[in-house]
Structure formats: C-alpha cells, structure tokens
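J.: Quick one, run.tsv (TSV, C-alpha atoms):
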```
chain	number	residue	atom	x	y	z
V	103	MET	CA	14.49	-35.83	22.96
V	104	LYS	CA	13.16	-32.28	23.47
V	105	LYS	CA	16.58	-30.81	22.74
V	106	ARG	CA	16.58	-32.73	19.44
V	107	TYR	CA	13.40	-30.94	18.33
V	108	ILE	CA	14.75	-27.58	19.42
V	109	ASN	CA	17.95	-28.18	17.45
V	110	ALA	CA	15.96	-29.27	14.39
V	111	PHE	CA	13.76	-26.18	14.67
V	112	MET	CA	16.79	-23.89	14.97
V	113	LEU	CA	18.38	-25.52	11.92
V	114	ILE	CA	15.22	-25.02	9.87
V	115	LEU	CA	14.95	-21.41	11.05
V	116	ILE	CA	18.57	-20.73	10.15
V	117	VAL	CA	18.11	-22.27	6.68
V	118	LEU	CA	14.99	-20.15	6.08
V	119	VAL	CA	16.71	-16.97	7.21
V	120	ILE	CA	19.75	-17.70	5.06
V	121	GLY	CA	17.40	-18.30	2.13
V	122	PHE	CA	15.64	-14.98	2.62
V	123	VAL	CA	18.92	-13.13	3.04
V	124	ALA	CA	20.27	-14.77	-0.13
V	125	LEU	CA	17.09	-13.87	-2.00
V	126	TYR	CA	17.28	-10.28	-0.78
V	127	ALA	CA	20.98	-9.99	-1.63
V	128	GLY	CA	20.43	-11.54	-5.05
V	129	GLN	CA	17.61	-9.17	-5.84
V	130	LYS	CA	19.62	-6.20	-4.62
V	131	TYR	CA	22.64	-7.28	-6.69
V	132	MET	CA	20.66	-8.12	-9.81
V	133	TYR	CA	18.42	-5.08	-9.80
V	134	GLY	CA	20.47	-2.56	-7.80
V	135	HIS	CA	21.03	-0.39	-10.87
V	136	HIS	CA	17.31	0.23	-11.43
V	137	ARG	CA	15.52	3.09	-9.72
V	138	TYR	CA	11.82	3.55	-9.10
V	139	SER	CA	10.48	6.58	-7.28
V	140	GLY	CA	13.89	7.26	-5.77
V	141	HIS	CA	14.13	3.84	-4.09
V	142	GLY	CA	16.43	0.96	-4.95
V	143	TYR	CA	14.84	-1.79	-6.96
V	144	ASP	CA	14.31	-4.66	-4.55
V	145	MET	CA	11.96	-7.55	-3.92
V	146	HIS	CA	9.24	-5.12	-2.87
V	147	HIS	CA	9.30	-3.33	-6.23
V	148	TYR	CA	9.64	-6.63	-8.04
V	149	LEU	CA	6.42	-7.88	-6.41
V	150	HIS	CA	4.56	-4.65	-7.14
V	151	ASN	CA	5.65	-4.90	-10.75
V	152	GLN	CA	4.73	-8.59	-11.02
V	153	LEU	CA	1.32	-7.98	-9.44
V	154	GLN	CA	0.67	-5.00	-11.72
V	155	ILE	CA	-0.37	-2.78	-8.81
V	156	THR	CA	-2.61	0.05	-10.01
V	157	GLU	CA	-2.16	3.68	-8.96
V	158	LYS	CA	-5.24	3.44	-6.76
V	159	GLN	CA	-3.91	0.29	-5.08
V	160	ASP	CA	-0.53	1.93	-4.68
V	161	GLN	CA	-2.17	4.83	-2.85
V	162	GLN	CA	-4.13	2.41	-0.65
V	163	LEU	CA	-0.96	0.45	0.11
V	164	SER	CA	1.04	3.59	0.93
V	165	GLU	CA	0.54	3.51	4.72
V	166	ILE	CA	1.10	-0.25	4.92
V	167	GLU	CA	4.28	0.13	2.88
V	168	GLN	CA	5.59	2.97	5.04
V	169	GLN	CA	5.00	1.03	8.26
V	170	PHE	CA	6.70	-2.03	6.77
V	171	SER	CA	9.63	0.02	5.54
V	172	GLN	CA	10.20	1.55	8.98
V	173	ARG	CA	9.93	-1.80	10.75
V	174	LYS	CA	12.20	-3.47	8.18
V	175	GLN	CA	14.82	-0.74	8.56
V	176	TYR	CA	14.73	-1.11	12.34
V	177	LEU	CA	15.10	-4.90	12.15
V	178	GLU	CA	17.93	-4.69	9.59
V	179	GLU	CA	19.78	-2.37	11.98
V	180	THR	CA	19.07	-4.74	14.88
V	181	ILE	CA	20.52	-7.64	12.87
V	182	ARG	CA	23.57	-5.58	11.93
V	183	ILE	CA	24.21	-4.68	15.59
V	184	ALA	CA	23.64	-8.28	16.70
V	185	ASN	CA	26.20	-9.45	14.12
V	186	MET	CA	28.73	-6.93	15.44
V	187	GLU	CA	28.05	-8.08	19.01
V	188	LEU	CA	28.52	-11.70	17.91
V	189	ALA	CA	31.82	-10.84	16.22
V	190	ASP	CA	32.98	-9.07	19.40
V	191	ALA	CA	31.95	-12.03	21.57
V	192	ILE	CA	33.76	-14.52	19.32
V	193	LYS	CA	36.83	-12.28	19.28
V	194	LYS	CA	36.79	-12.03	23.08
V	195	ASP	CA	36.05	-15.67	23.90
V	196	ASP	CA	37.87	-18.71	22.56
V	197	PHE	CA	34.88	-21.01	23.08
V	198	TYR	CA	31.11	-21.16	22.70
V	199	SER	CA	30.55	-18.94	25.71
V	200	PRO	CA	27.29	-17.65	27.19
V	201	GLN	CA	28.04	-14.29	25.52
V	202	VAL	CA	28.41	-15.96	22.12
V	203	GLN	CA	25.16	-17.89	22.68
V	204	GLN	CA	23.38	-14.71	23.78
V	205	SER	CA	24.56	-12.88	20.65
V	206	VAL	CA	23.46	-15.77	18.44
V	207	ASP	CA	20.05	-15.81	20.13
V	208	LYS	CA	19.67	-12.06	19.70
V	209	ASN	CA	20.53	-12.36	16.01
V	210	HIS	CA	18.11	-15.25	15.45
V	211	GLU	CA	15.34	-13.43	17.25
V	212	ALA	CA	15.78	-10.37	15.03
V	213	MET	CA	15.88	-12.51	11.86
V	214	GLY	CA	12.74	-14.34	12.97
V	215	LYS	CA	11.02	-11.02	13.56
V	216	MET	CA	12.09	-9.89	10.08
V	217	GLN	CA	10.52	-12.97	8.52
V	218	LYS	CA	7.32	-12.54	10.54
V	219	THR	CA	7.15	-8.84	9.68
V	220	THR	CA	7.57	-9.62	5.98
V	221	LEU	CA	4.79	-12.21	6.05
V	222	GLU	CA	2.50	-9.92	8.06
V	223	HIS	CA	3.13	-7.24	5.45
V	224	LEU	CA	2.23	-9.57	2.59
V	225	PHE	CA	-0.99	-10.63	4.33
V	226	ALA	CA	-1.86	-6.99	5.13
V	227	MET	CA	-1.86	-6.32	1.39
V	228	LYS	CA	-4.50	-8.98	0.77
V	229	PRO	CA	-7.67	-6.85	1.22
V	230	ILE	CA	-6.37	-4.28	-1.28
V	231	LEU	CA	-5.41	-6.77	-3.99
V	232	THR	CA	-7.76	-8.41	-6.45
V	233	PRO	CA	-8.34	-12.18	-6.15
V	234	GLU	CA	-6.05	-12.73	-9.14
V	235	GLN	CA	-3.30	-10.60	-7.61
V	236	ASN	CA	-3.65	-12.47	-4.31
V	237	LYS	CA	-3.27	-15.80	-6.10
V	238	LYS	CA	-0.19	-14.55	-7.90
V	239	LEU	CA	1.31	-13.14	-4.68
V	240	LYS	CA	0.77	-16.44	-2.93
V	241	ARG	CA	2.33	-18.33	-5.85
V	242	LEU	CA	5.35	-15.99	-6.03
V	243	THR	CA	5.89	-16.24	-2.27
V	244	THR	CA	5.63	-20.01	-2.07
V	245	ASN	CA	7.76	-20.48	-5.20
V	246	ALA	CA	10.50	-18.31	-3.69
V	247	LEU	CA	10.42	-20.33	-0.48
V	248	TYR	CA	10.58	-23.62	-2.38
V	249	GLU	CA	13.43	-22.36	-4.56
V	250	ASN	CA	15.40	-21.26	-1.50
V	251	ALA	CA	14.83	-24.65	0.10
V	252	LYS	CA	16.34	-26.37	-2.95
V	253	GLU	CA	19.60	-24.41	-2.78
```
What would you get if you wrote out this structure as structure tokens?

T.:
Amino acid sequence: MKKRYINAFMLILIVLVIGFVALYAGQKYMYGHHRYSGHGYDMHHYLHNQLQITEKQDQQLSEIEQQFSQRKQYLEETIRIANMELADAIKKDDFYSPQVQQSVDKNHEAMGKMQKTTLEHLFAMKPILTPEQNKKLKRLTTNALYENAKE
C-alpha cells in the first residue's frame, strides 16, 4: 500500500516537472527573439512585464533575482548532467538496473529542487510587491499550473 502512494507521488512529481519544463521551453521558443537588458526573454521577464515592476522594485529585487539566477543555472546544469548519466546508464545496462534507478533519482531530485527554488523565489518577491501585484502573481502562477495539468 505504501509503495502505491510513493508511485502516485512520483507520477505527480514527474507530471509537474514535465509541465514546468514544457512551459519554460514554450516561453523560450515563443519569446526567444526578444531581448531585455541583454538577457533572453523568458518566464522571468514575462512575469516582470505582467506585474508592471517599477524601477524602484526592480532595484529592490536585484539581489533576489541574482541569487535565483545563480541557483537556477546550477540546477539546470545538475539536471543536464543527470540526464547524461541516465543516458550512459541506459546505454550500459539492458534493464532497469540500480545505476539507472540512481540516475533517475538524481534527476528527479534536481528537478524537485528547481521547482522548490522557483517557488521560494516567487514568495521572496512578495514583500517588495504591492498587494495588487501579489494577487496577480498568485493568479498567474496558479493559472500556469492548472493549464499545465490540463495538457
């Protein structure tokens, strides 16, 4: 019975991660040709634009954004390496071996950390945003999650 819940949890986690990756890839594909301040137009810039972040807020968010960017870059690299390790393990083994499972677990852990880091980042913005901006951020975030769940 316990294994059933673990499997259900892992399935939900995988679906959420796939949704976020699809959202990220879609945003990068759709808006990749735009440039703001030397950075690619991504979900981050989309949110800032949608929330109508002021210059003062942008300055206040600067440190939070830099920390998030560094952590995100590290986790993206961790996921990339975990995917390469998984590919190597699958190539080496002809079955669902302990090495394959270990690589899958490493990948899922990194993706889970990415999701947590993203949510922590969004909540860290809260004290700097106005009540209206916070409501809109919450609505945009939940709508994106619901939309990804429908696909």

J.: Near stretch 159-168 of chain V, within 8 Å and counting all atoms listed in the file, which residues show up once chain neighbours fewer than 4 positions away are dropped, as JSON, numbers by chain?

T.: {"V": [155, 172, 223, 226, 227, 230, 231]}

J.: So that I can see what lies close to stretch 240-243 of chain V, please list as a count of residues only the residues with an atom at most 12 Å from it, counting only C-alpha atoms and leaving out residues fewer than 4 positions away in the same chain.

T.: 24

J.: Closest to V:Ala189 among V:Val206, V:Ala212, V:Ile120, V:Leu177, using all atoms listed in the file?

T.: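 Of V:Val206, V:Ala212, V:Ile120, V:Leu177, the one nearest V:Ala189 is V:Val206, counting all atoms listed in the file.
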
J.: Separation of atom CA of V:Ile183 and atom CA of V:Lys208, in Å?

T.: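 It comes out at 9.6 Å.
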
J.: Quick one: residues within 12 Å of V:Gln204, only C-alpha atoms counted, chain neighbours fewer than 6 positions away excluded, as number ranges by chain?

T.: V: 184-185, 187-192, 198, 210-211

J.: Can you tell me how far atom CA of V:Thr232 sits from atom CA of V:Lys218, in Å to one decimal?

T.: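 We find that atom CA of V:Thr232 and atom CA of V:Lys218 lie 23.1 Å from each other.
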
J.: Could you please determine the separation between atom CA of V:Ala246 and atom CA of V:Gln217 in Å, to one decimal place?

T.: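 So the two atoms, atom CA of V:Ala246 and atom CA of V:Gln217, lie 13.3 Å apart.
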
J.: Between V:Met216, V:Met186, V:His147, V:Thr156, single out the one closest to V:Arg173, counting all atoms listed in the file.

T.: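 For V:Arg173, the nearest of the given residues is V:Met216.
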